[in-house]
Amino acid sequence: MSVLKMTASTLAAVSFCATAAAARDQVQIAGSSTVLPYASIVAEAFGENFDFPTPVVESGGSSAGLKRFCEGLGENTIDIANSSRKIREKEIKACAANGVSDIIEVRIGYDGIVFASDIDGNSFEFTPVQWYKAISRQVVVDGALVDNPYTLWSDVDAALPAQPIQAYVPGTKHGTREVFEDKVILAGCEETGDFDVYKAANGGDKKAAEKACIELRTDGKSVDIDGDYTETLARIDSNKDGIGVFGLAFYENNTDKLQVATMSGIVPTTDSIATGEYPVSRPLFFYVKKAHIGVVPGLKEFAEFFVADEIAGPDGPLAEYGLVADPDLSGTQNTVADEVTMDGNS
Amino acid sequence: MSDATQNPGQSAGNPIGRAGSLLTKNARTRRRNAAEKRFRLYGLTAIGIGLLMLIVLVTTIVGNGTGAFQQTFVTLKVDLLEAKLDKKGTRDIEAIKKVSTFGYAPLINGALQTYVTEHGIQTDLKPKAMGAILSKDTAAQLRDYVLENTDKIGQTLEFTFLANSRVDGYLKGRVTRDSIANDKNISAEQLDLVDAMIANGAIDKTFNLDFILGGDASDQRPEAAGIGVSMVGSMYMMLVVLALSLPIGVAASIYLEEFAPKNWLTDVIEVNISNLAAVPSIVFGILGLAVFINTMHLPMSAPLVGGMVLTLMTLPTIIISTRASLKAVPPSIRDAALGVGASKMQSVFHHVLPLAAPGILTGTIIGLAQALGETAPLLLIGMVGFVASNAPDSIVDGLMSPNSAMPAQIYEWAKRADPAFYERAWGGIIILLVFLVAMNTIAVILRRRFERRW
């Protein structure tokens, strides 16, 4: 009896005090770990310059963030989801099913994906074709599909150094993976013409061919990293032959340990990404629940502050940290100011 | 006798069988002695390996972490220009608030430029590049000061600012002129300026209290990050754990130990409590997310929820240790109390419980120490990230508003890009370990002082 009574009364007391004080007064954000540094820089500056409390920014990956974003409306759900990729149709539907129908999409800028290796090792000049050949599960040799036979980078292309293939690529829960598959592996697959072989093997099905293209080898030469870039860096630190996939900002903070490889002859810098010369880049987004504007104090102000010229512009702190400023920032500013949702209503 | 028959060589060499002299060691004795020596050696090696690990661990932690307690500061005279901060000169706080931190940056860059000309330092750097040797936190610090002391606008005052993490790393030896070759955040000219300022005494490395008391900072200013706010978060969580798990745990164990009938039901409960103690903590995190946040609609990232999740984890530990210490109280005490007419409840609360209290407290403190170091369940309820930035201003706020915990903060720092955060993660580990050692010491002292043996 005493146990039951005590538990019941404590739980009752706890839940009472919880409901009494539940009114949330700060913006809550979750999602992509690539956007996290940018979001926390903005959150910090927002807390300093406004009378609102500093927003809370959690990480966890784009997909996890969007999933939480779509859980519903109300104070227990997040207001903003950070994403390093565009929201998917499936996710929009899941959102709508839970009552989150008005979503404002905000593009904050572009992020470059770079390939870097240990600073004291060989330097690399990559092309998408080489990456595809090096880490795809199957490649076409002499017109037939075979399991990837390459063990050295020089096997893939004689121009590359004779270093064992060891790639550390972002795991599938990262938005970075999608860009990597799309702009490097798939691009390489199409360029070599292997795409057509896959297409023929799948009876002309384009979707299946694409899927087959981006399937990576599983013999340990390509390792999925589900953690953060720090984990990739630690892997390269312990295996000097490793080549990792990083965000530009992360590389720029660790130039004493890493050297960056060129892609199709272009060195990744904020400039070469802004002009579109460097091929592997992707836009970064955050998604705002329109229904929360006016309910959660400071939400709209935060969204506007995020894309303001002094923050997200080419001379702002975000660009300084490694974000490539969006040339169409004023368009984004209008979207936020007018609260234009993804279906075009304002 | 069977030994002797198994060792024919021995009995042959010793005609009087086993009754040989104790002073002469036969082969069997030598073998047994050697086995014992070997075993002792194994034991010593085991202890040696353990000690070695401990030494490696402690030296790594101390070696990597002590740097976090020191920070590089820059002392500068800043002219708080009225024309920039309060254009109309009305000292209206709202008007002054309109000047954002971006408006303060030129003042600081200007102050550096003045310093350079005054001390005759040769440099080709532009004011903005000079300003880069200071922390990004500087403008916020100056703005906070001006908002609090509006009467100081127009004066020239001396401030102590944080230096940029790269400059800090340069003074600590983490950043060298070789390692910055490709670094776009700092250049050799900036390090020349830093060297000149060190020579003039404007840059100095001192103890940094803000690391222990301050809140988290964003990725751009690792030099301003502190563990203080998450320490407060941990403290509130421990309060919740203590307030919930001690009464529930003790009540449950007293009932199970003293009152409950011994049948299959109590056996099932007992087995399940022991099993719960071995459940991985992440499971409790998922449970907490599902029950406390999704069903009971408690807020995300709140220390209250964190505390409740950790309570689930700590309860089995407390129940097991409480039951053990209740069991250790001799039945004669209970019998004597009952014999002089005490009720069952009186015998428990007046006699058994006080005698078991040291054991219960020890168990509770060890349970709390375990909960203090737990990160995994906090991942799921939103306590990891850029969370611990505002110190709570009331108890309700402390329980309800988003905060982090020390281990979660350490985890967060360890995964950030700037290497300066890495040092802070190690520093955080030192502070966390100090807490854990202190708690365990208290547990040992309590046990030594109050434990009774029968």
# chains A, B, ... in the order shown; residues from 1 in each chain; ligands from 1

call {"tool": "interface_residues", "arguments": {"of": "chain B", "to": "chain A", "cutoff": "7 Å", "atoms": "only C-alpha atoms", "output": "number ranges by chain"}}
result
B: 100-101, 140, 179-180, 182-183, 218-220, 248, 251-252, 297-300, 382, 384-387, 389-390, 415-418

call {"tool": "write_last_selection", "arguments": {"atoms": "N, CA and C atoms", "output": "CSV table (one decimal), in the first residue's frame"}}
result
chain,number,residue,atom,x,y,z
B,100,SER,N,23.1,46.6,-32.2
B,100,SER,CA,23.4,45.1,-32.0
B,100,SER,C,24.8,44.9,-31.7
B,101,THR,N,25.2,43.7,-31.4
B,101,THR,CA,26.6,43.4,-31.2
B,101,THR,C,27.5,43.7,-32.4
B,140,ALA,N,29.6,41.0,-27.5
B,140,ALA,CA,28.5,40.8,-26.6
B,140,ALA,C,28.8,41.2,-25.2
B,179,SER,N,51.4,25.0,-38.2
B,179,SER,CA,50.1,24.4,-38.3
B,179,SER,C,49.1,25.3,-38.9
B,180,ILE,N,49.4,26.6,-39.0
B,180,ILE,CA,48.3,27.5,-39.5
B,180,ILE,C,48.5,27.8,-40.9
B,182,ASN,N,47.5,26.5,-43.6
B,182,ASN,CA,46.2,26.5,-44.5
B,182,ASN,C,45.0,27.1,-43.7
B,183,ASP,N,45.3,27.6,-42.5
B,183,ASP,CA,44.2,28.1,-41.7
B,183,ASP,C,43.7,29.4,-42.1
B,218,SER,N,28.6,29.0,-28.8
B,218,SER,CA,28.5,28.4,-30.1
B,218,SER,C,29.8,28.0,-30.7
B,219,ASP,N,29.7,27.3,-31.8
B,219,ASP,CA,30.9,26.8,-32.5
B,219,ASP,C,32.0,27.8,-32.8
B,220,GLN,N,31.6,29.1,-32.9
B,220,GLN,CA,32.5,30.1,-33.3
B,220,GLN,C,33.4,30.7,-32.2
B,248,ILE,N,10.8,6.4,-2.8
B,248,ILE,CA,10.2,5.3,-3.5
B,248,ILE,C,11.0,4.0,-3.3
B,251,ALA,N,10.8,2.9,0.5
B,251,ALA,CA,9.5,2.4,0.8
B,251,ALA,C,9.3,1.0,0.2
B,252,ALA,N,9.7,0.9,-1.1
B,252,ALA,CA,9.6,-0.4,-1.8
B,252,ALA,C,10.4,-1.5,-1.1
B,297,HIS,N,3.3,14.7,-21.8
B,297,HIS,CA,3.5,16.0,-22.3
B,297,HIS,C,4.3,16.9,-21.4
B,298,LEU,N,5.3,16.4,-20.9
B,298,LEU,CA,6.3,17.2,-20.2
B,298,LEU,C,7.2,17.8,-21.2
B,299,PRO,N,7.8,19.0,-20.9
B,299,PRO,CA,8.6,19.6,-21.9
B,299,PRO,C,9.9,18.9,-22.3
B,300,MET,N,10.4,19.1,-23.5
B,300,MET,CA,11.6,18.5,-24.0
B,300,MET,C,12.8,19.2,-23.2
B,382,GLY,N,16.5,15.1,-25.5
B,382,GLY,CA,16.8,16.5,-26.0
B,382,GLY,C,17.7,17.3,-25.1
B,384,VAL,N,21.1,17.1,-25.3
B,384,VAL,CA,22.4,17.2,-26.0
B,384,VAL,C,22.3,18.2,-27.1
B,385,GLY,N,23.2,19.1,-27.3
B,385,GLY,CA,23.2,20.1,-28.3
B,385,GLY,C,23.6,21.4,-27.8
B,386,PHE,N,23.2,22.5,-28.5
B,386,PHE,CA,23.5,23.8,-28.0
B,386,PHE,C,22.4,24.2,-27.1
B,387,VAL,N,22.4,23.7,-25.9
B,387,VAL,CA,21.3,23.8,-25.0
B,387,VAL,C,21.6,24.6,-23.7
B,389,SER,N,22.8,27.3,-22.5
B,389,SER,CA,23.3,28.7,-22.7
B,389,SER,C,22.8,29.7,-21.7
B,390,ASN,N,21.7,29.4,-21.1
B,390,ASN,CA,21.1,30.4,-20.1
B,390,ASN,C,21.1,29.8,-18.7
B,415,LYS,N,32.4,16.5,-29.9
B,415,LYS,CA,32.1,16.3,-31.4
B,415,LYS,C,32.1,17.5,-32.2
B,416,ARG,N,32.4,18.7,-31.6
B,416,ARG,CA,32.4,19.9,-32.4
B,416,ARG,C,33.7,20.0,-33.2
B,417,ALA,N,33.7,20.8,-34.2
B,417,ALA,CA,34.8,20.9,-35.2
B,417,ALA,C,36.0,21.5,-34.6
B,418,ASP,N,35.9,22.6,-33.9
B,418,ASP,CA,37.1,23.4,-33.5
B,418,ASP,C,37.8,22.6,-32.4

call {"tool": "residues_around", "arguments": {"residues": "stretch 151-166 of chain A", "least_positions_apart": "3", "cutoff": "10 Å", "atoms": "only C-alpha atoms", "output": "list in words"}}
result
Gly121, Asn122, Ser123, Phe124, Glu125, Phe126, Val129, Gln130, Trp131, Tyr132, Lys133, Ala134, Ile135, Asn148, Val169, Gly220, Lys221, Ser222, Val223, Ile236, Asn239, Lys240, Asp241, Gly242, Ile243 and Gly244 of chain A

call {"tool": "atom_distance", "arguments": {"atom1": "atom CA of B:Asp151", "atom2": "atom CA of B:Asn208"}}
result
28.6 Å

call {"tool": "closest_atom_pairs", "arguments": {"of": "stretch 79-110 of chain A", "to": "stretch 170-190 of chain A", "cutoff": "10 Å", "atoms": "only C-alpha atoms", "output": "tab-separated table"}}
result
residue	atom	partner	partner_atom	distance
A:Ser83	CA	A:Gly175	CA	7.2
A:Ser84	CA	A:Gly175	CA	5.1
A:Arg85	CA	A:Gly175	CA	5.5
A:Lys86	CA	A:Gly175	CA	9.0

call {"tool": "write_last_selection", "arguments": {"atoms": "N, CA and C atoms", "output": "PDB file, in the first residue's frame"}}
result
ATOM      1  N   SER A  83      17.887  21.085 -41.733  1.00  0.00           N
ATOM      2  CA  SER A  83      18.063  19.969 -42.644  1.00  0.00           C
ATOM      3  C   SER A  83      19.149  20.288 -43.656  1.00  0.00           C
ATOM      4  N   SER A  84      19.970  19.302 -43.940  1.00  0.00           N
ATOM      5  CA  SER A  84      20.990  19.518 -44.959  1.00  0.00           C
ATOM      6  C   SER A  84      20.514  18.963 -46.296  1.00  0.00           C
ATOM      7  N   ARG A  85      19.236  18.692 -46.404  1.00  0.00           N
ATOM      8  CA  ARG A  85      18.645  18.314 -47.689  1.00  0.00           C
ATOM      9  C   ARG A  85      17.225  18.835 -47.707  1.00  0.00           C
ATOM     10  N   LYS A  86      16.620  18.804 -48.914  1.00  0.00           N
ATOM     11  CA  LYS A  86      15.243  19.269 -49.016  1.00  0.00           C
ATOM     12  C   LYS A  86      14.316  18.259 -48.343  1.00  0.00           C
TER      13      LYS A  86
END

call {"tool": "closest_residue", "arguments": {"among": "B:Pro330, B:Gly359, B:Pro106, B:Gly67", "to": "B:Ser165", "atoms": "only C-alpha atoms"}}
result
B:Gly67

call {"tool": "select_by_dssp", "arguments": {"residues": "stretch 202-275 of chain A", "states": "helix (DSSP H, G or I)", "output": "list in words"}}
result
Lys206, Lys207, Ala208, Ala209, Glu210, Lys211, Ala212, Cys213, Tyr229, Thr230, Glu231, Thr232, Leu233, Ala234, Arg235, Ile236, Asp237, Ser238, Leu248, Ala249, Phe250, Tyr251, Glu252, Asn253, Thr270, Asp271, Ser272, Ile273 and Ala274 of chain A

call {"tool": "residues_around", "arguments": {"residues": "B:Gly363", "least_positions_apart": "2", "cutoff": "9 Å", "atoms": "only C-alpha atoms", "output": "MDAnalysis selection string"}}
result
chainID B and resid 317:322 358:361 365:368 443

call {"tool": "atom_distance", "arguments": {"atom1": "atom CA of A:Thr232", "atom2": "atom CA of A:Val245"}}
result
7.7 Å

call {"tool": "atom_distance", "arguments": {"atom1": "atom CA of A:Phe285", "atom2": "atom CA of A:Thr270"}}
result
17.5 Å

call {"tool": "closest_residue", "arguments": {"among": "B:Val340, B:Leu23, B:Ala68, B:Leu239", "to": "B:Phe211", "atoms": "only C-alpha atoms"}}
result
B:Ala68

call {"tool": "select_by_dssp", "arguments": {"residues": "stretch 113-327 of chain A", "states": "strand (DSSP E)", "output": "number ranges by chain"}}
result
A: 113-118, 125-126, 138-141, 144-147, 167-170, 222-225, 243-247, 258-260, 262-263, 281-289, 324-325

call {"tool": "residues_around", "arguments": {"residues": "B:Ala438", "least_positions_apart": "6", "cutoff": "10 Å", "atoms": "only C-alpha atoms", "output": "list in words"}}
result
Ala369, Leu432 and Val444 of chain B

call {"tool": "residues_around", "arguments": {"residues": "A:Val100", "least_positions_apart": "6", "cutoff": "7 Å", "atoms": "only C-alpha atoms", "output": "VMD selection string"}}
result
chain A and resid 70 72 to 73

call {"tool": "write_last_selection", "arguments": {"atoms": "N, CA and C atoms", "output": "tab-separated table (two decimals), in the first residue's frame"}}
result
chain	number	residue	atom	x	y	z
A	70	CYS	N	7.67	16.65	-37.60
A	70	CYS	CA	6.37	16.23	-38.13
A	70	CYS	C	5.52	15.51	-37.09
A	72	GLY	N	3.79	16.69	-34.77
A	72	GLY	CA	2.54	17.38	-34.47
A	72	GLY	C	2.79	18.81	-34.08
A	73	LEU	N	1.71	19.46	-33.63
A	73	LEU	CA	1.81	20.85	-33.18
A	73	LEU	C	1.78	20.88	-31.67

call {"tool": "closest_residue", "arguments": {"among": "A:Val288, A:Val140, A:Ala64, A:Val307", "to": "A:Ile103", "atoms": "only C-alpha atoms"}}
result
A:Val288
